[in-house]
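upload_21.pdb follows (PDB, C-alpha atoms):
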```pdb
ATOM      1  CA  MET I1467       3.785 -44.411 158.627
ATOM      2  CA  MET I1468       0.226 -45.315 157.619
ATOM      3  CA  ILE I1469      -1.181 -48.790 158.166
ATOM      4  CA  ARG I1470      -4.379 -49.846 156.442
ATOM      5  CA  VAL I1471      -6.885 -51.561 158.751
ATOM      6  CA  ARG I1472      -9.612 -53.581 157.072
ATOM      7  CA  SER I1473     -12.617 -54.632 159.131
ATOM      8  CA  ARG I1474     -16.257 -55.429 158.450
ATOM      9  CA  ASP I1475     -16.782 -51.654 158.258
ATOM     10  CA  GLY I1476     -14.428 -51.138 155.309
ATOM     11  CA  LEU I1477     -10.874 -49.857 154.888
ATOM     12  CA  GLU I1478      -9.479 -47.300 157.343
ATOM     13  CA  ARG I1479      -6.034 -45.892 158.038
ATOM     14  CA  VAL I1480      -4.114 -45.646 161.284
ATOM     15  CA  LYS I1481      -1.145 -43.327 161.714
ATOM     16  CA  VAL I1482       1.822 -44.996 163.434
ATOM     17  CA  ASP I1483       4.737 -42.805 164.515
ATOM     18  CA  ASN I1484       7.019 -45.660 165.572
ATOM     19  CA  PRO I1485       7.503 -48.365 162.900
ATOM     20  CA  ASN I1486       8.942 -50.669 165.593
ATOM     21  CA  CYS I1487       6.015 -50.368 167.994
ATOM     22  CA  LYS I1488       4.565 -53.464 169.668
ATOM     23  CA  VAL I1489       1.257 -55.150 168.852
ATOM     24  CA  SER I1490      -0.220 -53.819 172.101
ATOM     25  CA  GLN I1491       0.740 -50.265 171.107
ATOM     26  CA  LEU I1492      -0.839 -50.734 167.678
ATOM     27  CA  LYS I1493      -4.052 -51.836 169.401
ATOM     28  CA  SER I1494      -3.973 -48.693 171.527
ATOM     29  CA  LEU I1495      -3.583 -46.576 168.402
ATOM     30  CA  ILE I1496      -6.532 -48.359 166.775
ATOM     31  CA  GLU I1497      -8.603 -47.746 169.921
ATOM     32  CA  HIS I1498      -7.655 -44.065 169.962
ATOM     33  CA  GLN I1499      -8.051 -43.391 166.224
ATOM     34  CA  LEU I1500     -10.835 -45.803 165.209
ATOM     35  CA  GLY I1501     -12.768 -46.209 168.440
ATOM     36  CA  VAL I1502     -12.486 -49.985 168.833
ATOM     37  CA  PRO I1503     -11.587 -50.956 172.448
ATOM     38  CA  ALA I1504      -8.220 -52.735 172.583
ATOM     39  CA  ASN I1505      -9.621 -55.631 174.637
ATOM     40  CA  GLN I1506     -12.169 -56.359 171.871
ATOM     41  CA  GLN I1507      -9.670 -56.385 169.021
ATOM     42  CA  ARG I1508      -8.397 -59.462 167.247
ATOM     43  CA  LEU I1509      -5.697 -58.555 164.696
ATOM     44  CA  SER I1510      -4.163 -60.713 161.987
ATOM     45  CA  LEU I1511      -2.408 -60.532 158.616
ATOM     46  CA  ASN I1512      -4.687 -63.350 157.452
ATOM     47  CA  LYS I1513      -7.603 -61.901 155.484
ATOM     48  CA  ASP I1514      -9.768 -64.909 156.360
ATOM     49  CA  LEU I1515     -10.169 -63.327 159.791
ATOM     50  CA  LEU I1516     -13.065 -61.316 158.376
ATOM     51  CA  LEU I1517     -14.893 -64.470 157.298
ATOM     52  CA  VAL I1518     -15.201 -66.141 160.706
ATOM     53  CA  LYS I1519     -18.766 -66.967 161.762
ATOM     54  CA  SER I1520     -18.306 -68.583 165.184
ATOM     55  CA  PRO I1521     -15.738 -66.382 166.946
ATOM     56  CA  GLU I1522     -14.975 -68.514 169.979
ATOM     57  CA  SER I1523     -14.093 -71.718 168.116
ATOM     58  CA  GLN I1524     -12.382 -70.235 165.065
ATOM     59  CA  LEU I1525     -10.492 -67.415 166.733
ATOM     60  CA  ASN I1526      -8.987 -69.666 169.384
ATOM     61  CA  ASN I1527      -7.770 -72.513 167.166
ATOM     62  CA  GLY I1528      -4.441 -70.817 166.426
ATOM     63  CA  GLN I1529      -5.284 -69.904 162.822
ATOM     64  CA  PHE I1530      -5.167 -66.173 163.600
ATOM     65  CA  SER I1531      -2.537 -66.119 166.354
ATOM     66  CA  ASP I1532       0.164 -64.296 164.359
ATOM     67  CA  MET I1533      -0.507 -61.039 166.235
ATOM     68  CA  GLU I1534      -1.541 -62.518 169.562
ATOM     69  CA  ASP I1535       1.704 -61.717 171.413
ATOM     70  CA  PRO I1536       1.241 -58.129 172.705
ATOM     71  CA  ASN I1537       4.994 -57.575 173.024
ATOM     72  CA  LYS I1538       5.908 -58.592 169.489
ATOM     73  CA  PRO I1539       7.228 -55.662 167.353
ATOM     74  CA  ILE I1540       5.061 -55.171 164.275
ATOM     75  CA  SER I1541       8.207 -54.775 162.145
ATOM     76  CA  SER I1542       9.056 -58.426 162.901
ATOM     77  CA  LEU I1543       5.780 -59.373 161.213
ATOM     78  CA  GLY I1544       6.762 -57.534 158.033
ATOM     79  CA  ILE I1545       4.341 -54.689 158.694
ATOM     80  CA  SER I1546       5.501 -51.444 157.097
ATOM     81  CA  ASN I1547       4.028 -48.328 155.506
ATOM     82  CA  GLY I1548       0.929 -49.250 153.485
ATOM     83  CA  SER I1549       0.564 -52.781 154.901
ATOM     84  CA  ILE I1550      -2.930 -54.197 155.509
ATOM     85  CA  VAL I1551      -3.889 -55.518 158.947
ATOM     86  CA  TYR I1552      -7.244 -57.271 159.383
ATOM     87  CA  LEU I1553      -9.392 -56.433 162.411
ATOM     88  CA  TYR I1554     -12.190 -58.490 163.971
ATOM     89  CA  TYR I1555     -14.269 -57.170 166.842
ATOM     90  CA  GLN I1556     -17.699 -57.714 168.351
ATOM     91  CA  GLY I1557     -20.192 -55.002 169.136
ATOM     92  CA  GLU I1558     -21.085 -51.824 167.283
ATOM     93  CA  ARG I1559     -19.435 -48.472 166.755
ATOM     94  CA  SER I1560     -20.086 -45.228 164.921
ATOM     95  CA  VAL I1561     -18.023 -45.037 161.731
ATOM     96  CA  SER I1562     -17.466 -41.776 159.851
ATOM     97  CA  GLY I1563     -15.346 -41.020 156.804
ATOM     98  CA  VAL I1564     -14.579 -44.652 156.005
ATOM     99  CA  ALA I1565     -14.881 -46.118 152.525
ATOM    100  CA  ARG I1566     -17.628 -48.650 153.173
ATOM    101  CA  VAL I1567     -18.237 -51.530 150.811
ATOM    102  CA  SER I1568     -21.539 -53.365 150.582
ATOM    103  CA  ALA I1569     -21.381 -57.052 151.380
ATOM    104  CA  SER I1570     -23.472 -57.835 148.321
ATOM    105  CA  GLY I1571     -22.473 -57.294 144.729
ATOM    106  CA  SER I1572     -24.733 -56.888 141.712
ATOM    107  CA  PHE I1573     -27.870 -59.052 141.722
ATOM    108  CA  GLY I1574     -27.283 -59.910 145.366
ATOM    109  CA  ARG I1575     -24.107 -61.913 144.758
ATOM    110  CA  ARG I1576     -22.249 -62.488 148.013
ATOM    111  CA  MET I1577     -18.816 -60.838 147.886
ATOM    112  CA  THR I1578     -15.691 -62.376 149.405
ATOM    113  CA  ILE I1579     -12.737 -60.509 150.890
ATOM    114  CA  ASP I1580     -10.810 -61.275 147.684
ATOM    115  CA  ASP I1581     -13.573 -59.519 145.722
ATOM    116  CA  LEU I1582     -13.286 -56.443 147.926
ATOM    117  CA  ILE I1583      -9.513 -56.284 147.623
ATOM    118  CA  ALA I1584      -9.740 -56.758 143.852
ATOM    119  CA  ARG I1585     -11.768 -53.544 143.633
ATOM    120  CA  GLN I1586      -8.654 -51.552 144.456
ATOM    121  CA  THR I1587      -6.705 -50.263 141.449
ATOM    122  CA  ARG I1588      -3.505 -52.257 141.143
ATOM    123  CA  ILE I1589      -0.710 -51.087 138.855
ATOM    124  CA  THR I1590       0.848 -54.028 137.003
ATOM    125  CA  ARG I1591       3.254 -54.404 134.120
ATOM    126  CA  GLN I1592       1.936 -55.446 130.707
ATOM    127  CA  GLU I1593       4.350 -58.088 129.477
ATOM    128  CA  THR I1594       3.231 -58.451 125.853
ATOM    129  CA  PRO I1595       2.678 -55.585 123.378
ATOM    130  CA  HIS I1596      -0.120 -55.624 120.801
ATOM    131  CA  CYS I1597       2.506 -54.543 118.271
ATOM    132  CA  VAL I1598       4.883 -57.408 117.455
ATOM    133  CA  SER I1599       7.499 -55.140 115.847
ATOM    134  CA  VAL I1600       7.942 -51.732 114.234
ATOM    135  CA  SER I1601      10.092 -51.296 111.130
ATOM    136  CA  PHE I1602      11.273 -47.812 110.073
ATOM    137  CA  ASP I1603      11.948 -46.808 106.513
ATOM    138  CA  ARG I1604      15.604 -45.762 106.711
ATOM    139  CA  ASP I1605      15.128 -42.533 104.758
ATOM    140  CA  ALA I1606      12.137 -41.466 106.863
ATOM    141  CA  ALA I1607      13.972 -42.181 110.124
ATOM    142  CA  ASN I1608      17.131 -40.455 108.894
ATOM    143  CA  ALA I1609      15.275 -37.348 107.720
ATOM    144  CA  PHE I1610      13.650 -36.962 111.142
ATOM    145  CA  GLN I1611      16.810 -37.448 113.224
ATOM    146  CA  HIS I1612      19.071 -35.507 110.824
ATOM    147  CA  TYR I1613      17.181 -32.249 111.296
ATOM    148  CA  VAL I1614      17.091 -32.675 115.064
ATOM    149  CA  ASN I1615      20.774 -33.583 115.189
ATOM    150  CA  GLU I1616      22.208 -31.081 112.682
ATOM    151  CA  ALA I1617      19.862 -28.092 113.022
ATOM    152  CA  LEU I1618      18.644 -28.389 116.622
ATOM    153  CA  ALA I1619      21.639 -30.254 118.102
ATOM    154  CA  PHE I1620      19.170 -32.157 120.308
ATOM    155  CA  ALA I1621      18.829 -28.965 122.369
ATOM    156  CA  VAL I1622      15.029 -28.767 122.067
ATOM    157  CA  LYS I1623      12.382 -31.438 121.668
ATOM    158  CA  ARG I1624      10.793 -32.352 118.314
ATOM    159  CA  GLY I1625       7.945 -34.686 117.471
ATOM    160  CA  GLY I1626       5.858 -36.097 114.673
ATOM    161  CA  PHE I1627       3.159 -38.586 113.710
ATOM    162  CA  MET I1628       4.273 -41.814 112.041
ATOM    163  CA  TYR I1629       2.376 -43.153 109.025
ATOM    164  CA  GLY I1630       2.543 -46.584 107.447
ATOM    165  CA  THR I1631       0.835 -49.960 107.511
ATOM    166  CA  VAL I1632      -0.034 -52.761 109.948
ATOM    167  CA  ASP I1633      -0.141 -56.377 108.801
ATOM    168  CA  GLY I1634      -2.405 -59.100 110.119
ATOM    169  CA  GLU I1635       0.193 -60.320 112.624
ATOM    170  CA  GLY I1636       0.612 -56.945 114.330
ATOM    171  CA  ASN I1637       3.826 -55.801 112.603
ATOM    172  CA  VAL I1638       3.955 -52.044 111.968
ATOM    173  CA  SER I1639       5.875 -50.497 109.060
ATOM    174  CA  VAL I1640       6.610 -46.763 109.255
ATOM    175  CA  GLU I1641       7.003 -45.178 105.797
ATOM    176  CA  PHE I1642       6.941 -41.439 106.547
ATOM    177  CA  ILE I1643       6.737 -38.983 109.440
ATOM    178  CA  TYR I1644       4.545 -35.885 109.478
ATOM    179  CA  GLU I1645       5.808 -33.111 111.754
ATOM    180  CA  PRO I1646       2.934 -30.780 112.740
ATOM    181  CA  PRO I1647       3.447 -27.131 113.780
ATOM    182  CA  GLN I1648       5.043 -27.206 117.224
ATOM    183  CA  GLN I1649       7.055 -25.420 119.853
ATOM    184  CA  GLY I1650       9.824 -27.393 121.540
ATOM    185  CA  THR I1651      11.835 -26.604 124.667
ATOM    186  CA  GLU I1652      14.418 -28.611 126.562
ATOM    187  CA  ASP I1653      11.754 -30.370 128.643
ATOM    188  CA  ASN I1654       8.430 -29.914 126.825
ATOM    189  CA  LEU I1655       6.931 -30.398 123.388
ATOM    190  CA  ILE I1656       3.841 -28.361 122.569
ATOM    191  CA  LEU I1657       2.005 -29.511 119.442
ATOM    192  CA  LEU I1658       0.208 -26.624 117.704
ATOM    193  CA  ARG I1659      -2.159 -28.956 115.945
ATOM    194  CA  ASP I1660      -4.148 -27.907 112.877
ATOM    195  CA  PRO I1661      -7.103 -30.278 112.346
ATOM    196  CA  ASP I1662      -7.523 -29.248 108.688
ATOM    197  CA  GLU I1663      -3.886 -29.926 107.895
ATOM    198  CA  GLU I1664      -3.968 -33.253 109.742
ATOM    199  CA  ASN I1665      -7.043 -34.262 107.749
ATOM    200  CA  ARG I1666      -5.161 -33.504 104.509
ATOM    201  CA  VAL I1667      -2.199 -35.595 105.667
ATOM    202  CA  ASP I1668      -4.553 -38.462 106.577
ATOM    203  CA  ALA I1669      -6.154 -38.204 103.120
ATOM    204  CA  VAL I1670      -2.769 -38.357 101.353
ATOM    205  CA  ALA I1671      -1.795 -41.347 103.494
ATOM    206  CA  MET I1672      -5.076 -43.100 102.739
ATOM    207  CA  GLY I1673      -4.489 -42.604  99.015
ATOM    208  CA  LEU I1674      -1.152 -44.383  99.471
ATOM    209  CA  GLY I1675      -2.758 -47.227 101.381
ATOM    210  CA  MET I1676      -1.375 -46.030 104.704
ATOM    211  CA  ARG I1677      -2.638 -44.702 108.005
ATOM    212  CA  ARG I1678      -1.387 -43.019 111.186
ATOM    213  CA  VAL I1679       0.393 -45.690 113.247
ATOM    214  CA  GLY I1680       2.148 -43.854 116.080
ATOM    215  CA  PHE I1681       3.964 -40.887 117.576
ATOM    216  CA  ILE I1682       7.711 -40.197 117.586
ATOM    217  CA  PHE I1683       9.597 -37.586 119.597
ATOM    218  CA  THR I1684      13.123 -36.705 120.642
ATOM    219  CA  GLN I1685      14.686 -36.295 124.056
ATOM    220  CA  THR I1686      17.167 -33.479 124.528
ATOM    221  CA  VAL I1687      20.797 -33.715 125.615
ATOM    222  CA  GLY I1688      19.794 -32.436 129.050
ATOM    223  CA  GLN I1689      17.191 -35.164 129.429
ATOM    224  CA  THR I1690      19.609 -37.979 128.644
ATOM    225  CA  LYS I1691      21.390 -37.170 131.919
ATOM    226  CA  GLY I1692      18.236 -38.130 133.819
ATOM    227  CA  ASP I1693      17.638 -41.584 135.266
ATOM    228  CA  TYR I1694      14.436 -42.400 133.389
ATOM    229  CA  THR I1695      13.177 -43.839 130.119
ATOM    230  CA  LEU I1696      10.262 -41.416 129.688
ATOM    231  CA  SER I1697       9.472 -38.414 131.889
ATOM    232  CA  ASN I1698       6.030 -38.018 133.457
ATOM    233  CA  VAL I1699       5.263 -35.231 130.937
ATOM    234  CA  GLU I1700       6.160 -37.568 128.057
ATOM    235  CA  VAL I1701       4.067 -40.386 129.552
ATOM    236  CA  ARG I1702       0.983 -38.146 129.750
ATOM    237  CA  GLN I1703       1.442 -36.813 126.216
ATOM    238  CA  SER I1704       2.057 -40.289 124.789
ATOM    239  CA  ALA I1705      -0.958 -41.743 126.611
ATOM    240  CA  GLU I1706      -3.153 -38.899 125.351
ATOM    241  CA  LEU I1707      -2.120 -39.397 121.710
ATOM    242  CA  HIS I1708      -2.389 -43.177 122.015
ATOM    243  CA  GLY I1709      -5.870 -42.796 123.481
ATOM    244  CA  GLU I1710      -7.003 -40.637 120.551
ATOM    245  CA  ASN I1711      -6.414 -43.524 118.163
ATOM    246  CA  GLU I1712      -8.315 -46.790 118.108
ATOM    247  CA  LEU I1713      -5.331 -48.673 116.639
ATOM    248  CA  LYS I1714      -4.285 -51.280 119.207
ATOM    249  CA  GLU I1715      -0.824 -51.540 117.592
ATOM    250  CA  TRP I1716      -0.152 -47.786 118.066
ATOM    251  CA  VAL I1717       3.579 -47.234 118.652
ATOM    252  CA  THR I1718       5.440 -44.567 120.636
ATOM    253  CA  ALA I1719       9.047 -44.054 119.497
ATOM    254  CA  VAL I1720      11.829 -42.094 121.215
ATOM    255  CA  VAL I1721      14.989 -40.719 119.579
ATOM    256  CA  LYS I1722      17.938 -39.638 121.733
ATOM    257  CA  LEU I1723      21.722 -39.371 121.869
ATOM    258  CA  GLU I1724      23.692 -42.054 123.684
ATOM    259  CA  VAL I1725      27.393 -42.039 124.492
ATOM    260  CA  ASN I1726      29.278 -44.798 122.668
ATOM    261  CA  GLU I1727      32.408 -46.713 123.704
ATOM    262  CA  ASP I1728      34.685 -44.106 122.100
ATOM    263  CA  GLY I1729      33.131 -41.244 124.047
ATOM    264  CA  GLY I1730      31.178 -39.992 121.040
ATOM    265  CA  ALA I1731      27.419 -39.754 120.671
ATOM    266  CA  ASP I1732      25.203 -42.057 118.611
ATOM    267  CA  VAL I1733      21.586 -41.433 117.665
ATOM    268  CA  HIS I1734      19.476 -44.146 119.278
ATOM    269  CA  PHE I1735      15.875 -45.185 118.515
ATOM    270  CA  GLU I1736      13.617 -46.956 121.042
ATOM    271  CA  ALA I1737      10.013 -48.074 120.598
ATOM    272  CA  PHE I1738       7.258 -48.754 123.119
ATOM    273  CA  GLN I1739       3.556 -49.114 123.501
ATOM    274  CA  MET I1740       1.834 -47.371 126.362
ATOM    275  CA  SER I1741       0.181 -50.125 128.398
ATOM    276  CA  ASP I1742      -3.569 -50.618 128.156
ATOM    277  CA  GLN I1743      -3.846 -49.702 131.846
ATOM    278  CA  CYS I1744      -1.892 -46.469 131.329
ATOM    279  CA  VAL I1745      -4.150 -45.328 128.483
ATOM    280  CA  LYS I1746      -7.280 -46.177 130.459
ATOM    281  CA  LEU I1747      -6.050 -44.362 133.572
ATOM    282  CA  PHE I1748      -5.318 -41.278 131.468
ATOM    283  CA  LYS I1749      -8.747 -41.374 129.821
ATOM    284  CA  ASP I1750     -10.356 -41.725 133.252
ATOM    285  CA  GLY I1751      -8.503 -38.644 134.524
ATOM    286  CA  TRP I1752      -6.236 -40.323 137.089
ATOM    287  CA  PHE I1753      -3.000 -38.488 136.156
ATOM    288  CA  VAL I1754      -2.018 -35.298 137.989
ATOM    289  CA  ASP I1755      -0.898 -32.680 135.440
ATOM    290  CA  ASP I1756       0.868 -30.228 137.721
ATOM    291  CA  CYS I1757       3.676 -32.120 139.444
ATOM    292  CA  ALA I1758       6.773 -30.008 138.773
ATOM    293  CA  ASP I1759       8.183 -30.937 142.190
ATOM    294  CA  LEU I1760       8.077 -34.663 141.382
ATOM    295  CA  ASP I1761      10.985 -36.771 140.121
ATOM    296  CA  PRO I1762      10.471 -36.965 136.297
ATOM    297  CA  LYS I1763      10.692 -40.775 136.405
ATOM    298  CA  LEU I1764       7.465 -40.898 138.457
ATOM    299  CA  SER I1765       3.852 -40.144 137.513
ATOM    300  CA  ARG I1766       1.474 -38.974 140.231
ATOM    301  CA  MET I1767      -2.086 -40.290 140.478
ATOM    302  CA  LYS I1768      -5.067 -38.383 141.892
ATOM    303  CA  LYS I1769      -6.032 -41.411 144.024
ATOM    304  CA  ASP I1770      -4.134 -44.141 145.845
ATOM    305  CA  VAL I1771      -3.134 -47.148 143.767
ATOM    306  CA  VAL I1772      -1.569 -50.426 144.880
ATOM    307  CA  ILE I1773       1.887 -51.522 143.722
ATOM    308  CA  ALA I1774       3.383 -54.704 145.170
ATOM    309  CA  GLY I1775       0.857 -54.591 148.016
ATOM    310  CA  LYS I1776       1.615 -50.996 149.032
ATOM    311  CA  ASP I1777      -0.538 -47.874 148.737
ATOM    312  CA  THR I1778       1.024 -45.031 146.764
ATOM    313  CA  ARG I1779       0.176 -42.198 144.410
ATOM    314  CA  ASP I1780       3.577 -42.029 142.695
ATOM    315  CA  VAL I1781       4.146 -44.661 140.005
ATOM    316  CA  ASP I1782       7.433 -45.464 138.257
ATOM    317  CA  ASN I1783       6.875 -44.619 134.578
ATOM    318  CA  ASP I1784       8.417 -47.924 133.473
ATOM    319  CA  PHE I1785       5.263 -49.678 134.724
ATOM    320  CA  PHE I1786       3.420 -48.014 131.842
ATOM    321  CA  LEU I1787       5.858 -48.959 129.049
ATOM    322  CA  VAL I1788       5.788 -52.115 126.923
ATOM    323  CA  VAL I1789       8.936 -52.576 124.824
ATOM    324  CA  VAL I1790       8.496 -53.119 121.073
ATOM    325  CA  LYS I1791      11.144 -54.691 118.805
ATOM    326  CA  ILE I1792      12.636 -52.276 116.250
ATOM    327  CA  LEU I1793      13.562 -53.191 112.659
ATOM    328  CA  ASP I1794      14.347 -51.163 109.536
ATOM    329  CA  HIS I1795      13.711 -51.413 105.808
ATOM    330  CA  GLN I1796      14.331 -49.496 102.601
TER
END
```
Please go through the file and, once you have read it, give me the structure as structure tokens.
Amino acid sequence: MMIRVRSRDGLERVKVDNPNCKVSQLKSLIEHQLGVPANQQRLSLNKDLLLVKSPESQLNNGQFSDMEDPNKPISSLGISNGSIVYLYYQGERSVSGVARVSASGSFGRRMTIDDLIARQTRITRQETPHCVSVSFDRDAANAFQHYVNEALAFAVKRGGFMYGTVDGEGNVSVEFIYEPPQQGTEDNLILLRDPDEENRVDAVAMGLGMRRVGFIFTQTVGQTKGDYTLSNVEVRQSAELHGENELKEWVTAVVKLEVNEDGGADVHFEAFQMSDQCVKLFKDGWFVDDCADLDPKLSRMKKDVVIAGKDTRDVDNDFFLVVVKILDHQ
């Protein structure tokens, strides 16, 4: 496993083959891999270790004694893959390939350890959507699902742009769905977009006092067997389309078949917003496009992110979804 070691020099990683190794063995690994002599190391899970100014008095008062016992297994301290261990040592060493962070921020502001840690990208759930609710015109929703159900039998994917209105409280009303030229397969939906045609649709909508308010797509019968809400391909496509639009209430809707109590299949609508963080990460180019070997319920990042205190590049797609209440109207 990999353990992150943070010292005054920045954040480094130490490879540990035995997750049940002792503190003394971890110190030997740090000496071998990072070049800090074991007898000069003071280790702790307390980040305040890096703030000590008078080593002798502060290091020996018991505040940082959690890793003092050389025979204690690191697993008993809760240290696992991705955990952070703080390292204090005296003297100098040559550091190469480490992500160094300046001790001073902009305009000479002194940075704390909390400031440094906060610079890491942390993936968090967005609890509240900008869209309070989305209401579908029954005829518009039925026309979209009827073609997919009757003509395509939910065997290939289908998508469209939703048009309607947004009131001052953040409630979206969907009045019609425009389905652009497209090519659908069991797992992918390729939109063959025509800018001129989309401009004409936008103009018609504007004349009716409406605007583009979201994107709707179907999941195939094969997909409903998977253990995920949206696949990583769907997350990237939804984030891209959301990011094109400046509407903060932009809605992403999913239509799929669900088995009912009688063993039959019912058409089911769900609505979400892609989280603000998801859209920003996509715009900033963090998502890996080619990840066919990855579980569809995970999205892979190009850099490490932090989830629940652990480093990872694979993020559960549900972190990026914010549920929106669905209504209907005639």
Spell out the residues picked by the PyMOL selection byres ((chain I and resi 1783) around 6) here, as a list in words.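 Here the PyMOL selection byres ((chain I and resi 1783) around 6) matches Lys1763, Leu1764, Asp1782, Asp1784, Phe1785 and Phe1786 of chain I.
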Atom pair CA of Gly1680 (chain I) + CA of Asp1794 (chain I), distance 15.7 Å
Proximity to Asp1759 (chain I) - best of I:Asn1711, I:Thr1594, I:Asn1698, I:Ser1542, only C-alpha atoms: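 For Asp1759 (chain I), the nearest of the candidates is I:Asn1698.
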Given the file above and the PyMOL selection byres ((chain I and resi 1489) around 9), which residues are selected, and can you give them as an NGL selection string? :I and (1487-1488 or 1490-1494 or 1509 or 1533-1540)
Can you tell me, as an MDAnalysis selection string, what residues are no more than 6 Å from Thr1686 (chain I) when counting only C-alpha atoms, ignoring any on the same chain fewer than 3 positions away? chainID I and resid 1620:1623 1652 1689
Using only C-alpha atoms, which residues sit within 9 Å of Arg1508 (chain I) once same-chain residues fewer than 4 positions away are excluded, as a PyMOL selection string? chain I and resi 1504+1515+1525+1530-1531+1533-1534+1552-1555
Export of prior selection with C-alpha atoms as a CSV table (one decimal), in the coordinates of the input:
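Output file selection00.csv is given in full below:
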```csv
chain,number,residue,atom,x,y,z
I,1504,ALA,CA,-8.2,-52.7,172.6
I,1515,LEU,CA,-10.2,-63.3,159.8
I,1525,LEU,CA,-10.5,-67.4,166.7
I,1530,PHE,CA,-5.2,-66.2,163.6
I,1531,SER,CA,-2.5,-66.1,166.4
I,1533,MET,CA,-0.5,-61.0,166.2
I,1534,GLU,CA,-1.5,-62.5,169.6
I,1552,TYR,CA,-7.2,-57.3,159.4
I,1553,LEU,CA,-9.4,-56.4,162.4
I,1554,TYR,CA,-12.2,-58.5,164.0
I,1555,TYR,CA,-14.3,-57.2,166.8
```
For the provided coordinates, the residues matched by the PyMOL selection byres ((chain I and resi 1473) around 12) should be stated as an MDAnalysis selection string. chainID I and resid 1470:1472 1474:1479 1496 1500 1502 1507:1518 1550:1556 1559 1561 1564:1567 1569 1579 1582
Separation of CA of Gly1650 (chain I) and CA of Arg1678 (chain I), in Å?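 For CA of Gly1650 (chain I) relative to CA of Arg1678 (chain I), the distance reads 21.8 Å.
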